[in-house]
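As provided, input.txt (compact mmCIF, C-alpha atoms) reads as follows.
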```txt
# COMPACT_ATOMS: atom_id res chain seq x y z
CA MET L 211 78.57 85.69 134.33
CA SER L 212 80.33 89.07 134.51
CA ALA L 213 79.14 91.99 132.42
CA ILE L 214 80.85 92.91 129.15
CA GLN L 215 82.96 95.97 129.94
CA VAL L 216 82.79 98.66 127.26
CA LEU L 217 84.75 101.87 126.76
CA LEU L 218 83.31 104.68 124.61
CA ALA L 219 85.63 106.82 122.48
CA ASP L 220 84.06 109.72 120.57
CA ASP L 221 84.84 113.43 120.48
CA GLN L 222 81.15 114.39 120.62
CA ASP L 223 79.67 114.49 124.12
CA LEU L 224 76.18 113.94 122.74
CA ILE L 225 77.19 110.74 120.94
CA ARG L 226 78.91 109.34 124.02
CA SER L 227 75.91 110.20 126.19
CA GLY L 228 73.55 108.53 123.72
CA LEU L 229 75.64 105.38 123.52
CA SER L 230 75.96 105.25 127.29
CA MET L 231 72.20 105.61 127.68
CA ILE L 232 71.52 102.80 125.19
CA LEU L 233 73.95 100.43 126.89
CA SER L 234 73.00 101.32 130.47
CA VAL L 235 69.73 99.39 130.19
CA GLU L 236 71.54 96.17 129.24
CA GLU L 237 72.09 93.95 132.28
CA ASP L 238 75.15 92.24 130.81
CA ILE L 239 76.93 95.37 129.52
CA GLU L 240 78.77 97.93 131.64
CA VAL L 241 80.26 101.22 130.38
CA VAL L 242 83.53 101.62 132.29
CA GLY L 243 84.83 104.84 130.77
CA GLN L 244 84.51 107.53 128.13
CA ALA L 245 87.23 109.13 126.02
CA SER L 246 87.07 112.20 123.76
CA ASN L 247 90.09 111.31 121.60
CA GLY L 248 92.24 108.36 120.64
CA GLN L 249 95.08 109.14 123.03
CA GLN L 250 92.71 109.32 125.97
CA ALA L 251 91.12 106.06 124.83
CA LEU L 252 94.49 104.30 125.02
CA GLU L 253 95.09 105.67 128.52
CA LEU L 254 91.67 104.51 129.71
CA VAL L 255 92.10 101.08 128.12
CA GLU L 256 95.35 100.68 130.05
CA GLU L 257 93.53 101.69 133.24
CA HIS L 258 90.31 99.68 132.86
CA ARG L 259 91.24 96.88 130.43
CA PRO L 260 87.73 96.76 128.91
CA ASP L 261 86.50 93.90 126.77
CA ILE L 262 85.40 96.18 123.93
CA VAL L 263 86.01 99.75 122.79
CA LEU L 264 83.44 101.55 120.66
CA MET L 265 85.83 103.77 118.69
CA ASP L 266 84.95 106.76 116.52
CA VAL L 267 87.06 107.20 113.38
CA GLN L 268 87.47 110.98 113.29
CA MET L 269 88.79 112.39 116.58
CA PRO L 270 91.34 115.08 117.55
CA VAL L 271 94.81 114.46 119.06
CA MET L 272 94.79 110.87 117.74
CA ASP L 273 92.19 109.48 115.34
CA GLY L 274 90.39 106.20 115.84
CA ILE L 275 92.38 104.29 113.20
CA GLU L 276 95.75 105.06 114.79
CA ALA L 277 94.36 104.44 118.27
CA THR L 278 93.01 101.08 117.14
CA ALA L 279 96.34 100.07 115.60
CA GLN L 280 98.17 100.85 118.84
CA LEU L 281 95.47 99.34 121.03
CA THR L 282 95.37 95.99 119.23
CA GLN L 283 99.15 95.71 119.48
CA ARG L 284 99.32 96.59 123.18
CA PHE L 285 96.11 95.09 124.58
CA ALA L 286 95.36 91.76 122.95
CA ASP L 287 92.31 91.05 125.12
CA THR L 288 90.49 94.25 124.14
CA ARG L 289 88.57 94.26 120.86
CA VAL L 290 87.53 97.33 118.88
CA ILE L 291 84.29 98.12 117.09
CA MET L 292 84.71 101.15 114.85
CA LEU L 293 81.79 103.56 114.73
CA THR L 294 81.43 106.16 112.01
CA THR L 295 78.85 108.42 110.43
CA PHE L 296 80.33 107.86 106.98
CA ASP L 297 80.04 104.62 104.98
CA ARG L 298 83.40 105.14 103.28
CA GLU L 299 85.31 102.13 102.00
CA ASP L 300 88.68 103.65 102.92
CA TYR L 301 87.55 103.89 106.55
CA LEU L 302 86.48 100.25 106.45
CA PHE L 303 89.73 98.90 105.03
CA ASP L 304 91.89 101.14 107.22
CA ALA L 305 89.97 99.97 110.29
CA LEU L 306 90.36 96.30 109.37
CA ARG L 307 94.07 96.75 108.68
CA ALA L 308 94.41 98.41 112.09
CA GLY L 309 92.92 95.32 113.69
CA ALA L 310 89.32 96.32 114.37
CA ALA L 311 86.99 93.41 115.03
CA GLY L 312 83.87 95.25 113.91
CA PHE L 313 82.72 98.20 111.81
CA LEU L 314 79.33 99.79 112.44
CA LEU L 315 77.60 102.93 111.21
CA LYS L 316 76.24 105.38 113.79
CA THR L 317 72.89 105.16 112.05
CA ALA L 318 72.55 101.58 113.34
CA ALA L 319 69.55 100.85 115.57
CA ALA L 320 70.09 100.38 119.29
CA ASP L 321 69.50 96.62 119.10
CA GLU L 322 72.06 96.35 116.27
CA LEU L 323 74.65 98.02 118.50
CA VAL L 324 73.91 95.70 121.38
CA ASP L 325 73.99 92.66 119.07
CA ALA L 326 77.32 93.86 117.65
CA ILE L 327 78.86 94.00 121.12
CA HIS L 328 77.69 90.47 121.88
CA GLU L 329 78.91 89.16 118.51
CA VAL L 330 82.37 90.68 118.88
CA GLN L 331 82.63 89.56 122.50
CA ALA L 332 81.87 86.02 121.28
CA GLY L 333 84.88 86.24 118.97
CA HIS L 334 83.06 86.96 115.71
CA ALA L 335 83.79 89.63 113.13
CA LEU L 336 81.07 92.23 112.63
CA LEU L 337 80.45 94.54 109.69
CA ALA L 338 77.67 97.00 109.02
CA PRO L 339 75.53 95.20 106.41
CA LYS L 340 75.90 98.13 104.02
CA MET L 341 79.69 97.71 104.08
CA THR L 342 79.72 93.94 103.54
CA LEU L 343 79.49 94.01 99.75
CA PRO L 344 82.51 96.32 99.15
CA LEU L 345 84.62 94.10 101.38
CA ILE L 346 83.55 90.89 99.67
CA ARG L 347 84.20 92.37 96.23
CA ARG L 348 87.69 93.42 97.29
CA LEU L 349 88.47 89.99 98.73
CA VAL L 350 87.16 88.13 95.70
CA GLU L 351 89.02 90.38 93.28
CA HIS L 352 92.19 89.95 95.30
CA GLU L 353 91.87 86.19 94.95
CA GLY L 354 91.39 86.57 91.22
CA ASP L 355 87.90 85.10 91.48
CA ALA L 356 85.83 88.12 90.50
CA PRO L 357 82.76 86.98 88.51
CA GLN L 358 83.73 89.10 85.52
CA GLN L 359 87.10 87.33 85.43
CA LYS L 360 85.60 83.87 85.49
CA ALA L 361 83.44 82.65 82.68
CA GLU L 362 82.44 79.61 84.67
CA LEU L 363 82.51 78.68 88.35
CA SER L 364 84.39 75.53 89.32
CA LEU L 365 82.92 74.28 92.58
CA THR L 366 84.63 71.88 94.94
CA PRO L 367 82.75 68.72 96.01
CA GLU L 368 82.31 70.22 99.47
CA GLN L 369 80.78 73.40 98.03
CA VAL L 370 78.37 71.34 95.96
CA LEU L 371 77.30 69.37 99.04
CA ILE L 372 76.77 72.57 101.00
CA LEU L 373 74.73 74.13 98.19
CA ASN L 374 72.58 71.02 97.98
CA SER L 375 71.97 71.16 101.73
CA LEU L 376 70.52 74.69 101.51
CA THR L 377 66.79 75.01 101.01
CA ALA L 378 65.47 77.27 98.26
CA ARG L 379 64.52 79.90 100.86
CA GLU L 380 67.94 79.70 102.48
CA LYS L 381 69.58 80.27 99.10
CA GLU L 382 67.38 83.33 98.56
CA THR L 383 68.29 84.59 102.03
CA LEU L 384 72.00 84.03 101.44
CA HIS L 385 71.82 85.82 98.11
CA LEU L 386 70.30 88.90 99.77
CA LEU L 387 72.67 88.69 102.74
CA ALA L 388 75.60 88.76 100.33
CA GLN L 389 74.21 91.96 98.81
CA GLY L 390 74.60 93.62 102.21
CA LEU L 391 70.94 93.62 103.28
CA THR L 392 70.03 93.58 106.96
CA ASN L 393 67.70 90.95 108.41
CA ALA L 394 64.85 93.47 108.37
CA GLU L 395 65.46 94.29 104.70
CA ILE L 396 65.66 90.60 103.81
CA ALA L 397 62.38 90.00 105.63
CA GLU L 398 60.73 92.78 103.64
CA GLU L 399 62.15 91.48 100.37
CA LEU L 400 60.98 87.91 101.01
CA PHE L 401 57.68 88.87 102.67
CA VAL L 402 58.47 86.95 105.86
CA GLY L 403 58.96 87.84 109.51
CA ALA L 404 62.26 89.02 110.99
CA GLN L 405 62.43 85.96 113.25
CA THR L 406 62.07 83.70 110.21
CA VAL L 407 65.02 85.42 108.56
CA LYS L 408 67.06 85.10 111.75
CA THR L 409 66.32 81.36 111.74
CA HIS L 410 67.36 81.07 108.08
CA VAL L 411 70.60 82.97 108.73
CA SER L 412 71.47 80.74 111.70
CA SER L 413 70.89 77.66 109.54
CA ILE L 414 73.00 79.13 106.72
CA LEU L 415 75.91 79.84 109.08
CA ALA L 416 75.78 76.27 110.37
CA LYS L 417 75.52 74.63 106.95
CA THR L 418 78.25 76.75 105.33
CA HIS L 419 80.53 76.42 108.37
CA SER L 420 80.70 80.21 108.57
CA ARG L 421 81.71 82.06 111.73
CA ASP L 422 79.60 85.06 110.83
CA ARG L 423 77.65 86.84 108.08
CA VAL L 424 80.83 88.05 106.39
CA ASN L 425 82.12 84.51 105.91
CA ALA L 426 78.72 83.41 104.66
CA ALA L 427 78.73 86.27 102.15
CA ILE L 428 82.20 85.27 100.96
CA PHE L 429 80.92 81.73 100.44
CA ALA L 430 77.96 83.07 98.45
CA HIS L 431 80.29 84.97 96.11
CA ARG L 432 82.58 82.00 95.63
CA VAL L 433 79.75 79.69 94.65
CA GLY L 434 77.87 82.19 92.51
CA LEU L 435 74.91 82.88 94.78
CA ALA L 436 75.67 86.59 94.97
CA ARG L 437 75.21 87.30 91.28
```
Structure encoded using structure tokens:
Amino acid sequence: MSAIQVLLADDQDLIRSGLSMILSVEEDIEVVGQASNGQQALELVEEHRPDIVLMDVQMPVMDGIEATAQLTQRFADTRVIMLTTFDREDYLFDALRAGAAGFLLKTAAADELVDAIHEVQAGHALLAPKMTLPLIRRLVEHEGDAPQQKAELSLTPEQVLILNSLTAREKETLHLLAQGLTNAEIAEELFVGAQTVKTHVSSILAKTHSRDRVNAAIFAHRVGLAR
């Protein structure tokens, strides 16, 4: 199987060097280029056609949001993971509107970055856990299903069946996941190991027919498990 080809776009040399160093030890990931601004990123994407671009938000010449919007229109096979130092909701929504497949904070651990690349390459959406809750709230409010607007939840038969299929521990895990906690934070909260949480999350995704954590969190809000 060929390596996942990744392009780095960040105006700080130190950040690009750090990302390159982290990814260089991964056998199935190859860094094929580095850009210092959005315009250069577009030029390098055209040249290398990478699978994934790790795109900074704030860059000179052309920022990451505009570069992502143009990239997703011109290069359908290349997916973008936005990277930013700031956990601002406007960055998140602008990035999603531009077509980004993932949104990750630069404070993420190395293994989270690697996992994010694999998740996005597999066709899944990826959000920094801390940014999940603002997104879910916005989606739920847009649908008119915000908890404060609904005195009582009306569940479909399918939702009831899914809820009944979840174990008590899986419901606790889903509740915490919907609050934006990482697996490590969930493990600490529930006094279990990280691998146990990973197993619970995998089971939750399967039972709720969710593509990823974001969809599972949306389900939790719709059925009242996020309260």
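The closest residue to Ser227 in chain L, picked from L:Leu435, L:Val241, L:Val290, L:Met269 and counting only C-alpha atoms, is L:Val241.
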Surrounding residues of range 297-305 of chain L excluding itself and chain neighbours under 4 positions, 7 Å, only C-alpha atoms, as a list in words
Ile275, Gly309, Ala310, Phe313, Leu315 and Met341 of chain L
Point out the residue among L:Gln250, L:Thr282, L:Thr406, L:Thr317 with the least atom-to-atom distance to Leu229 in chain L, counting all atoms listed in the file.
L:Thr317
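The smallest atom-to-atom distance between Ala335 in chain L and any of L:Ala219, L:Leu387, L:Leu314, L:Ile414, using all atoms listed in the file, is found for L:Leu314.
Considering the residues L:Glu398, L:Glu329, L:Asp321, L:Glu240 and counting only C-alpha atoms, Ile291 in chain L has its shortest atom-to-atom contact with L:Glu329.
If only C-alpha atoms are the atoms counted, then among L:Gly333, L:Gly243, L:Gly434, L:Gly248 the closest residue to Leu384 in chain L is L:Gly434.
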Residues near Glu399 in chain L, cut-off 12 Å, only C-alpha atoms, skip fewer than 3 positions along chain, as number ranges by chain
L: 379, 382-383, 385-387, 391-396, 402-404, 407
Quick one: write out the picked residues with C-alpha atoms as a JSON list (two decimals), in the coordinates of the input?
```json
[["chain", "number", "residue", "atom", "x", "y", "z"],
["L", 379, "ARG", "CA", 64.52, 79.90, 100.86],
["L", 382, "GLU", "CA", 67.38, 83.33, 98.56],
["L", 383, "THR", "CA", 68.29, 84.59, 102.03],
["L", 385, "HIS", "CA", 71.82, 85.82, 98.11],
["L", 386, "LEU", "CA", 70.30, 88.90, 99.77],
["L", 387, "LEU", "CA", 72.67, 88.69, 102.74],
["L", 391, "LEU", "CA", 70.94, 93.62, 103.28],
["L", 392, "THR", "CA", 70.03, 93.58, 106.96],
["L", 393, "ASN", "CA", 67.70, 90.95, 108.41],
["L", 394, "ALA", "CA", 64.85, 93.47, 108.37],
["L", 395, "GLU", "CA", 65.46, 94.29, 104.70],
["L", 396, "ILE", "CA", 65.66, 90.60, 103.81],
["L", 402, "VAL", "CA", 58.47, 86.95, 105.86],
["L", 403, "GLY", "CA", 58.96, 87.84, 109.51],
["L", 404, "ALA", "CA", 62.26, 89.02, 110.99],
["L", 407, "VAL", "CA", 65.02, 85.42, 108.56]]
```
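Proximity ranking of L:Val330, L:Val216, L:Glu236, L:Leu281 relative to Asp422 in chain L places L:Val330 first, based on all atoms listed in the file.
Here CA of Pro270 in chain L and CA of Leu323 in chain L stand 23.9 Å from one another.
Put simply, CA of Thr366 in chain L is 27.4 Å away from CA of Leu337 in chain L.
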Report as a PDB file with C-alpha atoms, keeping the file's coordinate frame all protein, DNA and RNA residues lying within 12 Å of range 253-259 of chain L, evaluated on all atoms listed in the file, omitting residues in the same chain fewer than 5 positions from it.
```pdb
ATOM      1  CA  ILE L 214      80.850  92.910 129.150  1.00  0.00           C
ATOM      2  CA  GLN L 215      82.960  95.970 129.940  1.00  0.00           C
ATOM      3  CA  VAL L 216      82.790  98.660 127.260  1.00  0.00           C
ATOM      4  CA  LEU L 217      84.750 101.870 126.760  1.00  0.00           C
ATOM      5  CA  LEU L 218      83.310 104.680 124.610  1.00  0.00           C
ATOM      6  CA  ALA L 219      85.630 106.820 122.480  1.00  0.00           C
ATOM      7  CA  GLU L 240      78.770  97.930 131.640  1.00  0.00           C
ATOM      8  CA  VAL L 241      80.260 101.220 130.380  1.00  0.00           C
ATOM      9  CA  VAL L 242      83.530 101.620 132.290  1.00  0.00           C
ATOM     10  CA  GLY L 243      84.830 104.840 130.770  1.00  0.00           C
ATOM     11  CA  GLN L 244      84.510 107.530 128.130  1.00  0.00           C
ATOM     12  CA  ALA L 245      87.230 109.130 126.020  1.00  0.00           C
ATOM     13  CA  SER L 246      87.070 112.200 123.760  1.00  0.00           C
ATOM     14  CA  ASN L 247      90.090 111.310 121.600  1.00  0.00           C
ATOM     15  CA  GLY L 248      92.240 108.360 120.640  1.00  0.00           C
ATOM     16  CA  LEU L 264      83.440 101.550 120.660  1.00  0.00           C
ATOM     17  CA  MET L 265      85.830 103.770 118.690  1.00  0.00           C
ATOM     18  CA  MET L 272      94.790 110.870 117.740  1.00  0.00           C
ATOM     19  CA  ALA L 277      94.360 104.440 118.270  1.00  0.00           C
ATOM     20  CA  THR L 278      93.010 101.080 117.140  1.00  0.00           C
ATOM     21  CA  GLN L 280      98.170 100.850 118.840  1.00  0.00           C
ATOM     22  CA  LEU L 281      95.470  99.340 121.030  1.00  0.00           C
ATOM     23  CA  THR L 282      95.370  95.990 119.230  1.00  0.00           C
ATOM     24  CA  ARG L 284      99.320  96.590 123.180  1.00  0.00           C
ATOM     25  CA  PHE L 285      96.110  95.090 124.580  1.00  0.00           C
ATOM     26  CA  ALA L 286      95.360  91.760 122.950  1.00  0.00           C
ATOM     27  CA  ASP L 287      92.310  91.050 125.120  1.00  0.00           C
ATOM     28  CA  THR L 288      90.490  94.250 124.140  1.00  0.00           C
ATOM     29  CA  ARG L 289      88.570  94.260 120.860  1.00  0.00           C
ATOM     30  CA  VAL L 290      87.530  97.330 118.880  1.00  0.00           C
TER      31      VAL L 290
END
```
Missing atoms of range 257-275 of chain L rebuilt to N, CA and C atoms, written as a PDB file, in the frame of the given file:
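Result file is part-v2.pdb:
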```pdb
ATOM      1  N   GLU L 257      94.023 101.623 131.864  1.00  0.00           N
ATOM      2  CA  GLU L 257      93.530 101.690 133.240  1.00  0.00           C
ATOM      3  C   GLU L 257      92.438 100.659 133.529  1.00  0.00           C
ATOM      4  N   HIS L 258      91.487 100.512 132.591  1.00  0.00           N
ATOM      5  CA  HIS L 258      90.310  99.680 132.860  1.00  0.00           C
ATOM      6  C   HIS L 258      90.351  98.297 132.218  1.00  0.00           C
ATOM      7  N   ARG L 259      91.170  98.129 131.172  1.00  0.00           N
ATOM      8  CA  ARG L 259      91.240  96.880 130.430  1.00  0.00           C
ATOM      9  C   ARG L 259      89.833  96.370 130.051  1.00  0.00           C
ATOM     10  N   PRO L 260      89.081  97.165 129.301  1.00  0.00           N
ATOM     11  CA  PRO L 260      87.730  96.760 128.910  1.00  0.00           C
ATOM     12  C   PRO L 260      87.753  95.607 127.913  1.00  0.00           C
ATOM     13  N   ASP L 261      86.617  94.966 127.769  1.00  0.00           N
ATOM     14  CA  ASP L 261      86.500  93.900 126.770  1.00  0.00           C
ATOM     15  C   ASP L 261      86.414  94.491 125.370  1.00  0.00           C
ATOM     16  N   ILE L 262      85.677  95.600 125.242  1.00  0.00           N
ATOM     17  CA  ILE L 262      85.400  96.180 123.930  1.00  0.00           C
ATOM     18  C   ILE L 262      85.481  97.706 124.005  1.00  0.00           C
ATOM     19  N   VAL L 263      86.019  98.293 122.944  1.00  0.00           N
ATOM     20  CA  VAL L 263      86.010  99.750 122.790  1.00  0.00           C
ATOM     21  C   VAL L 263      85.157 100.096 121.581  1.00  0.00           C
ATOM     22  N   LEU L 264      84.187 100.983 121.776  1.00  0.00           N
ATOM     23  CA  LEU L 264      83.440 101.550 120.660  1.00  0.00           C
ATOM     24  C   LEU L 264      84.198 102.808 120.241  1.00  0.00           C
ATOM     25  N   MET L 265      84.861 102.754 119.098  1.00  0.00           N
ATOM     26  CA  MET L 265      85.830 103.770 118.690  1.00  0.00           C
ATOM     27  C   MET L 265      85.356 104.564 117.478  1.00  0.00           C
ATOM     28  N   ASP L 266      85.258 105.879 117.648  1.00  0.00           N
ATOM     29  CA  ASP L 266      84.950 106.760 116.520  1.00  0.00           C
ATOM     30  C   ASP L 266      86.170 106.829 115.598  1.00  0.00           C
ATOM     31  N   VAL L 267      85.946 107.098 114.333  1.00  0.00           N
ATOM     32  CA  VAL L 267      87.060 107.200 113.380  1.00  0.00           C
ATOM     33  C   VAL L 267      87.722 108.565 113.466  1.00  0.00           C
ATOM     34  N   GLN L 268      86.935 109.623 113.330  1.00  0.00           N
ATOM     35  CA  GLN L 268      87.470 110.980 113.290  1.00  0.00           C
ATOM     36  C   GLN L 268      87.455 111.597 114.690  1.00  0.00           C
ATOM     37  N   MET L 269      88.648 111.765 115.270  1.00  0.00           N
ATOM     38  CA  MET L 269      88.790 112.390 116.580  1.00  0.00           C
ATOM     39  C   MET L 269      90.062 113.224 116.609  1.00  0.00           C
ATOM     40  N   PRO L 270      90.121 114.256 117.453  1.00  0.00           N
ATOM     41  CA  PRO L 270      91.340 115.080 117.550  1.00  0.00           C
ATOM     42  C   PRO L 270      92.432 114.354 118.335  1.00  0.00           C
ATOM     43  N   VAL L 271      93.615 114.948 118.362  1.00  0.00           N
ATOM     44  CA  VAL L 271      94.810 114.460 119.060  1.00  0.00           C
ATOM     45  C   VAL L 271      95.314 113.159 118.419  1.00  0.00           C
ATOM     46  N   MET L 272      94.482 112.118 118.434  1.00  0.00           N
ATOM     47  CA  MET L 272      94.790 110.870 117.740  1.00  0.00           C
ATOM     48  C   MET L 272      93.496 110.289 117.216  1.00  0.00           C
ATOM     49  N   ASP L 273      93.452 109.990 115.905  1.00  0.00           N
ATOM     50  CA  ASP L 273      92.190 109.480 115.340  1.00  0.00           C
ATOM     51  C   ASP L 273      91.975 108.022 115.721  1.00  0.00           C
ATOM     52  N   GLY L 274      90.772 107.536 115.432  1.00  0.00           N
ATOM     53  CA  GLY L 274      90.390 106.200 115.840  1.00  0.00           C
ATOM     54  C   GLY L 274      91.180 105.095 115.157  1.00  0.00           C
ATOM     55  N   ILE L 275      91.609 105.320 113.926  1.00  0.00           N
ATOM     56  CA  ILE L 275      92.380 104.290 113.200  1.00  0.00           C
ATOM     57  C   ILE L 275      93.731 104.076 113.865  1.00  0.00           C
TER      58      ILE L 275
END
```
